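Visitor: This is the content of input-v1.csv (CSV, C-alpha atoms):
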```
chain,number,residue,atom,x,y,z
R,1435,MET,CA,0.0,0.0,0.0
R,1436,LEU,CA,1.3,3.4,-1.0
R,1437,LEU,CA,2.0,6.0,1.7
R,1438,THR,CA,-0.6,8.2,0.1
R,1439,ASP,CA,-3.2,5.4,0.4
R,1440,THR,CA,-2.3,4.9,4.1
R,1441,ILE,CA,-2.6,8.6,4.8
R,1442,LYS,CA,-6.0,8.7,3.0
R,1443,ASN,CA,-7.3,5.7,4.9
R,1444,SER,CA,-6.1,7.1,8.2
R,1445,THR,CA,-7.6,10.5,7.5
R,1446,SER,CA,-10.9,8.8,6.7
R,1447,ALA,CA,-10.8,6.8,10.0
R,1448,ILE,CA,-10.0,10.0,11.9
R,1449,LYS,CA,-12.9,11.8,10.4
R,1450,LYS,CA,-15.3,9.0,11.3
R,1451,ARG,CA,-13.9,8.8,14.8
R,1452,ARG,CA,-14.3,12.6,15.1
R,1453,ALA,CA,-17.9,12.5,13.8
R,1454,THR,CA,-18.7,9.7,16.4
R,1455,ILE,CA,-17.2,11.8,19.2
R,1456,GLU,CA,-18.9,14.9,18.2
R,1457,SER,CA,-22.2,13.1,17.9
R,1458,LYS,CA,-21.8,11.7,21.4
R,1459,GLN,CA,-20.8,15.1,22.8
R,1460,HIS,CA,-23.8,16.7,21.1
R,1461,ALA,CA,-26.1,14.0,22.7
R,1462,GLU,CA,-24.6,14.6,26.1
R,1463,THR,CA,-24.8,18.4,25.8
R,1464,TYR,CA,-28.4,18.1,24.5
R,1465,ALA,CA,-29.4,15.9,27.4
R,1466,LYS,CA,-27.9,18.4,29.9
R,1467,ALA,CA,-29.8,21.2,28.2
R,1468,LEU,CA,-33.0,19.3,28.4
R,1469,ALA,CA,-32.5,18.5,32.1
R,1470,GLN,CA,-31.8,22.1,32.9
R,1471,LEU,CA,-34.7,23.2,30.8
R,1472,ALA,CA,-37.1,21.0,32.8
R,1473,GLN,CA,-35.8,22.5,36.1
R,1474,THR,CA,-36.0,26.1,34.7
R,1475,THR,CA,-39.5,25.7,33.3
R,1476,GLU,CA,-40.7,24.2,36.5
R,1477,SER,CA,-39.3,27.1,38.5
R,1478,ILE,CA,-40.9,29.7,36.1
R,1479,ARG,CA,-44.2,27.8,36.2
R,1480,GLY,CA,-44.2,28.1,40.0
R,1481,THR,CA,-43.4,31.8,39.9
R,1482,LEU,CA,-46.2,32.5,37.4
R,1483,ASP,CA,-48.7,30.3,39.3
R,1484,CYS,CA,-47.8,32.2,42.5
R,1485,ALA,CA,-48.4,35.6,40.7
R,1486,ALA,CA,-51.8,34.3,39.4
R,1487,VAL,CA,-52.9,33.4,43.0
R,1488,MET,CA,-51.7,36.7,44.3
R,1489,LYS,CA,-53.9,38.5,41.8
R,1490,GLU,CA,-56.9,36.1,42.2
R,1491,SER,CA,-56.7,36.6,46.0
R,1492,GLY,CA,-56.9,40.3,45.7
R,1493,ILE,CA,-53.5,40.9,47.2
R,1494,VAL,CA,-52.5,42.8,44.0
R,1495,ASP,CA,-54.7,44.4,41.4
R,1496,THR,CA,-52.0,45.5,38.9
R,1497,PRO,CA,-49.8,43.5,36.4
R,1498,LEU,CA,-46.9,41.8,38.1
R,1499,MET,CA,-44.6,42.0,35.1
R,1500,ASP,CA,-43.8,45.0,32.9
R,1501,GLU,CA,-44.2,44.5,29.1
R,1502,ALA,CA,-40.5,44.4,28.4
R,1503,THR,CA,-39.9,41.5,30.9
R,1504,ARG,CA,-42.9,39.6,29.6
R,1505,SER,CA,-41.8,40.0,26.0
R,1506,ASP,CA,-38.2,38.8,26.8
R,1507,LEU,CA,-39.5,35.8,28.7
R,1508,LEU,CA,-41.8,34.8,25.8
R,1509,THR,CA,-39.0,35.2,23.3
R,1510,CYS,CA,-36.7,32.9,25.3
R,1511,ILE,CA,-39.5,30.3,25.8
R,1512,ASN,CA,-40.1,30.3,22.0
R,1513,ASP,CA,-36.4,29.9,21.3
R,1514,CYS,CA,-36.1,27.0,23.7
R,1515,GLY,CA,-39.2,25.4,22.2
R,1516,ASN,CA,-37.8,25.7,18.7
R,1517,GLY,CA,-34.5,24.2,20.0
R,1518,VAL,CA,-36.3,21.2,21.4
R,1519,SER,CA,-38.4,20.6,18.2
R,1520,GLU,CA,-35.3,20.9,16.0
R,1521,MET,CA,-33.0,18.9,18.4
R,1522,LYS,CA,-30.7,22.0,18.6
R,1523,LEU,CA,-31.4,23.1,22.2
R,1524,THR,CA,-28.3,24.7,23.8
R,1525,LEU,CA,-27.3,25.3,27.3
R,1526,GLU,CA,-26.8,29.0,26.5
R,1527,ALA,CA,-30.5,29.2,25.5
R,1528,VAL,CA,-31.6,27.6,28.7
R,1529,ARG,CA,-29.4,29.8,30.8
R,1530,LEU,CA,-30.8,32.9,29.1
R,1531,LEU,CA,-34.3,31.6,29.8
R,1532,LYS,CA,-33.4,31.0,33.5
R,1533,SER,CA,-32.1,34.6,33.8
R,1534,LYS,CA,-35.4,36.0,32.4
R,1535,GLY,CA,-37.3,33.7,34.8
R,1536,ASP,CA,-35.1,34.9,37.7
R,1537,ALA,CA,-35.9,38.5,36.7
R,1538,VAL,CA,-39.6,37.8,36.9
R,1539,ALA,CA,-39.3,36.2,40.3
R,1540,THR,CA,-37.4,39.2,41.5
R,1541,GLN,CA,-40.1,41.6,40.3
R,1542,ILE,CA,-42.8,39.5,42.0
R,1543,LYS,CA,-40.8,39.5,45.3
R,1544,ILE,CA,-40.6,43.3,45.2
R,1545,VAL,CA,-44.4,43.6,44.6
R,1546,TRP,CA,-45.1,41.0,47.4
R,1547,ARG,CA,-43.2,42.9,50.0
R,1548,ASP,CA,-45.3,46.0,49.5
R,1549,ALA,CA,-48.6,44.5,48.5
R,1550,SER,CA,-48.7,41.9,51.3
R,1551,VAL,CA,-48.1,44.5,54.0
R,1552,LYS,CA,-50.9,46.8,52.6
R,1553,TYR,CA,-53.2,43.8,52.4
R,1554,SER,CA,-52.7,42.8,56.0
R,1555,ASP,CA,-51.7,46.0,57.8
R,1556,GLY,CA,-55.2,47.0,58.9
R,1557,SER,CA,-56.2,43.6,60.3
R,1558,LYS,CA,-52.8,43.1,62.0
R,1559,GLY,CA,-53.0,46.6,63.5
R,1560,TYR,CA,-56.4,46.0,64.9
R,1561,LEU,CA,-55.2,42.7,66.4
R,1562,SER,CA,-52.4,44.5,68.2
R,1563,MET,CA,-55.0,46.8,69.8
R,1564,ILE,CA,-57.8,44.4,70.7
R,1565,GLY,CA,-56.1,41.0,70.6
R,1566,GLY,CA,-55.8,40.9,74.3
R,1567,LEU,CA,-59.5,41.7,74.7
R,1568,SER,CA,-60.7,38.9,72.5
R,1569,SER,CA,-62.1,35.6,73.7
R,1570,ASP,CA,-58.8,33.9,72.7
R,1571,PRO,CA,-55.8,36.3,73.2
R,1572,LYS,CA,-53.3,33.5,72.5
R,1573,ARG,CA,-54.8,32.8,69.1
R,1574,ALA,CA,-54.9,36.5,68.3
R,1575,LYS,CA,-51.2,36.8,69.0
R,1576,GLU,CA,-50.5,33.7,66.9
R,1577,LEU,CA,-52.3,35.3,64.0
R,1578,ALA,CA,-50.4,38.6,64.3
R,1579,ASP,CA,-47.1,36.7,64.5
R,1580,ASN,CA,-48.1,34.5,61.5
R,1581,ILE,CA,-48.9,37.5,59.4
R,1582,THR,CA,-45.6,39.2,60.3
R,1583,LYS,CA,-43.7,36.1,59.4
R,1584,THR,CA,-45.5,35.6,56.1
R,1585,VAL,CA,-45.2,39.1,54.7
R,1586,SER,CA,-41.5,39.2,55.6
R,1587,GLY,CA,-40.8,35.9,53.7
R,1588,ASP,CA,-40.7,35.1,50.0
R,1589,PRO,CA,-43.9,34.8,48.0
R,1590,SER,CA,-45.3,31.3,47.3
R,1591,ILE,CA,-48.7,29.8,46.7
R,1592,LYS,CA,-48.6,28.5,50.3
R,1593,ALA,CA,-47.6,31.9,51.7
R,1594,VAL,CA,-50.4,33.6,49.7
R,1595,LYS,CA,-53.1,31.2,50.9
R,1596,SER,CA,-51.8,31.4,54.5
R,1597,LEU,CA,-51.9,35.2,54.4
R,1598,VAL,CA,-55.4,35.3,53.0
R,1599,ALA,CA,-56.7,32.8,55.6
R,1600,ASP,CA,-55.0,34.6,58.6
R,1601,VAL,CA,-56.2,38.0,57.5
R,1602,ALA,CA,-59.8,36.7,57.1
R,1603,GLU,CA,-59.6,35.2,60.6
R,1604,ALA,CA,-58.1,38.4,62.1
R,1605,LYS,CA,-60.9,40.4,60.4
R,1606,LYS,CA,-63.5,38.1,61.9
R,1607,ILE,CA,-62.1,38.8,65.4
R,1608,THR,CA,-61.9,42.5,65.0
R,1609,ASP,CA,-65.3,42.8,63.4
R,1610,GLU,CA,-66.9,41.5,66.6
R,1611,PHE,CA,-65.8,44.7,68.4
R,1612,SER,CA,-67.7,47.1,66.0
R,1613,LEU,CA,-64.9,49.6,65.9
R,1614,ASN,CA,-65.5,53.2,64.9
R,1615,PRO,CA,-63.0,56.1,64.8
R,1616,GLU,CA,-63.6,57.2,68.4
R,1617,ILE,CA,-63.1,53.6,69.7
R,1618,GLU,CA,-60.1,53.1,67.5
R,1619,ASP,CA,-58.5,56.3,68.8
R,1620,PHE,CA,-59.2,55.1,72.4
R,1621,LEU,CA,-57.7,51.7,71.8
R,1622,LYS,CA,-54.6,53.2,70.2
R,1623,LYS,CA,-54.1,55.3,73.3
R,1624,VAL,CA,-54.6,52.2,75.5
R,1625,SER,CA,-52.1,50.2,73.4
R,1626,SER,CA,-49.5,53.0,73.7
R,1627,GLN,CA,-50.3,53.5,77.4
R,1628,ARG,CA,-51.5,57.1,76.7
R,1629,ALA,CA,-55.1,56.7,77.8
R,1630,THR,CA,-56.4,58.6,80.8
R,1631,VAL,CA,-59.7,58.8,82.6
R,1632,PHE,CA,-60.6,61.8,80.4
R,1633,ASP,CA,-60.7,59.3,77.4
R,1634,LEU,CA,-63.5,57.4,79.1
R,1635,THR,CA,-66.3,59.2,77.4
R,1636,PRO,CA,-69.9,58.1,77.6
R,1637,ASN,CA,-69.6,56.4,74.2
R,1638,ILE,CA,-66.5,54.6,75.2
R,1639,LEU,CA,-68.0,53.4,78.5
R,1640,THR,CA,-71.2,52.2,76.7
R,1641,TRP,CA,-69.0,50.3,74.2
R,1642,LEU,CA,-67.0,48.7,77.0
R,1643,LYS,CA,-70.2,47.6,78.7
R,1644,GLU,CA,-71.7,46.2,75.5
R,1645,LYS,CA,-68.6,44.2,74.8
R,1646,ASN,CA,-68.3,43.0,78.4
R,1647,LEU,CA,-64.9,44.6,78.6
R,1648,THR,CA,-65.3,46.7,81.7
R,1649,SER,CA,-63.6,44.0,83.9
R,1650,LYS,CA,-60.7,43.9,81.6
R,1651,LEU,CA,-60.0,47.6,81.8
R,1652,LYS,CA,-57.5,48.6,84.5
R,1653,ILE,CA,-56.6,52.1,85.7
R,1654,ARG,CA,-53.2,52.7,87.1
R,1655,PHE,CA,-50.9,55.6,87.9
```
Represent the structure contained in this file as structure tokens.
Guide:
Amino acid sequence: MLLTDTIKNSTSAIKKRRATIESKQHAETYAKALAQLAQTTESIRGTLDCAAVMKESGIVDTPLMDEATRSDLLTCINDCGNGVSEMKLTLEAVRLLKSKGDAVATQIKIVWRDASVKYSDGSKGYLSMIGGLSSDPKRAKELADNITKTVSGDPSIKAVKSLVADVAEAKKITDEFSLNPEIEDFLKKVSSQRATVFDLTPNILTWLKEKNLTSKLKIRF
């Protein structure tokens, strides 16, 4: 066999070997990309489901994503979808999708911090004033603590449902006291230890009697 034939045959074998290696590497990279895509889409789905529950529950009444973020996310989703259908999905495409999903999650966290506080602030504030006067002060304190813990944590479907349930229970407790501005002002003074005998107006005394709270009121120097 001539040297040229040997070189030719060797070159052909090398090319076949390289094609086999490249095919194997592509399959491995593609498998990794698919695995990461599954994790990323699951995370994004959880984020979007949480956002939907926040809106359905009335915690927020405005869009949770700006149009630019929504558009970027949809573009990345389409690119990954096309990559899967054409067997050309890359890790870079998945990483870009993940970065857009993380951006959405960050936006929702920012909205949650403000919206959850506004949603629960009134009920929690009333609990702090009259929780000790309720039929179950221990439960009133638990509710207030739960609300504080929930709004200070990250948003999730579980957190949203817990907040809605706790606020509803807190409202039920406070509604039993039939609060009006004069009574609210009196209770705020009591809570801050600023109330005096001059604050015991006829309306306040009548309210205390109606709610069987006279025995719970203490006067001290």
Visitor: So, with only C-alpha atoms as the atoms that count, which of R:Ser1477, R:Thr1582, R:Thr1648, R:Ser1562 lies closest to Ser1596 of chain R?
Guide: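 Closest candidate: R:Thr1582.
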Visitor: Mind checking which residues fall within 10 Å of Tyr1553 of chain R, counting only C-alpha atoms, ignoring those fewer than 4 positions away in the same chain, and posting them as a list in words?
Guide: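 Final neighbour list, sorted by chain and number: Gly1492, Ile1493, Val1494, Trp1546, Asp1548, Ala1549, Ser1557, Lys1558, Val1585, Leu1597, Val1598 and Val1601 of chain R.
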Visitor: Counting all atoms listed in the file, which of R:Thr1640, R:Ala1629, R:Glu1476, R:Arg1504 gets nearest to Arg1654 of chain R?
Guide: R:Ala1629
Visitor: What does the distance from atom CA of Leu1651 of chain R to atom CA of Leu1561 of chain R come to in Å, to one decimal?
Guide: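 If I compute the distance from atom CA of Leu1651 of chain R to atom CA of Leu1561 of chain R, I get 16.9 Å.
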Visitor: Choose the residue, out of R:Ala1467, R:Ala1539, R:Ile1638, R:Leu1567, that has the smallest atom-to-atom separation from Ser1625 of chain R; count all atoms listed in the file.
Guide: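 Using all atoms listed in the file, Ser1625 of chain R sits closest to R:Leu1567.
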Visitor: For each of R:Met1488, R:Leu1577, R:Ile1564, R:Ile1653, take the minimum atom-to-atom distance to Arg1628 of chain R, counting only C-alpha atoms, then give the residue where this is smallest.
Guide: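 Among the listed residues, the smallest separation from Arg1628 of chain R belongs to R:Ile1653.
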Visitor: Applying 10 Å and only C-alpha atoms, which residues near Asp1506 of chain R remain after dropping the ones on its own chain fewer than 6 positions away? List them as a ChimeraX atom specification.
Guide: /R:1512,1530-1531,1534-1535
Visitor: With distances taken over all atoms listed in the file, which residue among R:Met1499, R:Val1487, R:Ile1544, R:Cys1510 lies nearest Leu1471 of chain R?
Guide: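 Closest to Leu1471 of chain R, using all atoms listed in the file: R:Cys1510.
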Visitor: When distances are computed from all atoms listed in the file, which of R:Ala1574, R:Gln1470, R:Val1545, R:Arg1479 shows the smallest separation from Asp1588 of chain R?
Guide: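 Checking each of R:Ala1574, R:Gln1470, R:Val1545, R:Arg1479 against Asp1588 of chain R, counting all atoms listed in the file, the winner is R:Val1545.
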Visitor: Report as a list in words all protein, DNA and RNA residues lying within 8 Å of Leu1498 of chain R, evaluated on all atoms listed in the file, omitting residues in the same chain fewer than 5 positions from it.
Guide: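 So, after excluding close chain neighbours, the residues are Ala1485, Gln1541, Ile1542 and Val1545 of chain R.
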Visitor: Would you work out the distance separating atom CA of Leu1621 of chain R from atom CA of Lys1572 of chain R, expressed in Å to one decimal?
Guide: 18.7 Å
Visitor: Report the distance between atom CA of Lys1522 of chain R and atom CA of Ala1461 of chain R in Å, rounded to one decimal place.
Guide: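 Interatomic distance here is 10.1 Å.
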Visitor: Dump as a PyMOL selection string all residues having an atom at most 7 Å from (-44.3, 28.1, 43.8), computed in the file's coordinates with all atoms listed in the file.
Guide: chain R and resi 1480-1481+1483-1484+1590-1591
Visitor: Report as a VMD selection string all protein, DNA and RNA residues lying within 9 Å of Ser1586 of chain R, evaluated on all atoms listed in the file, omitting residues in the same chain fewer than 5 positions from it.
Guide: chain R and resid 1547 1550 to 1551 1581
Visitor: May I have the residues within 10 Å of Tyr1560 of chain R as a list in words, using only C-alpha atoms and disregarding those fewer than 5 positions away in the same chain?
Guide: Asp1555, Gly1565, Ala1578, Ala1604, Lys1605, Ile1607, Thr1608, Asp1609, Leu1613, Glu1618, Leu1621 and Lys1622 of chain R
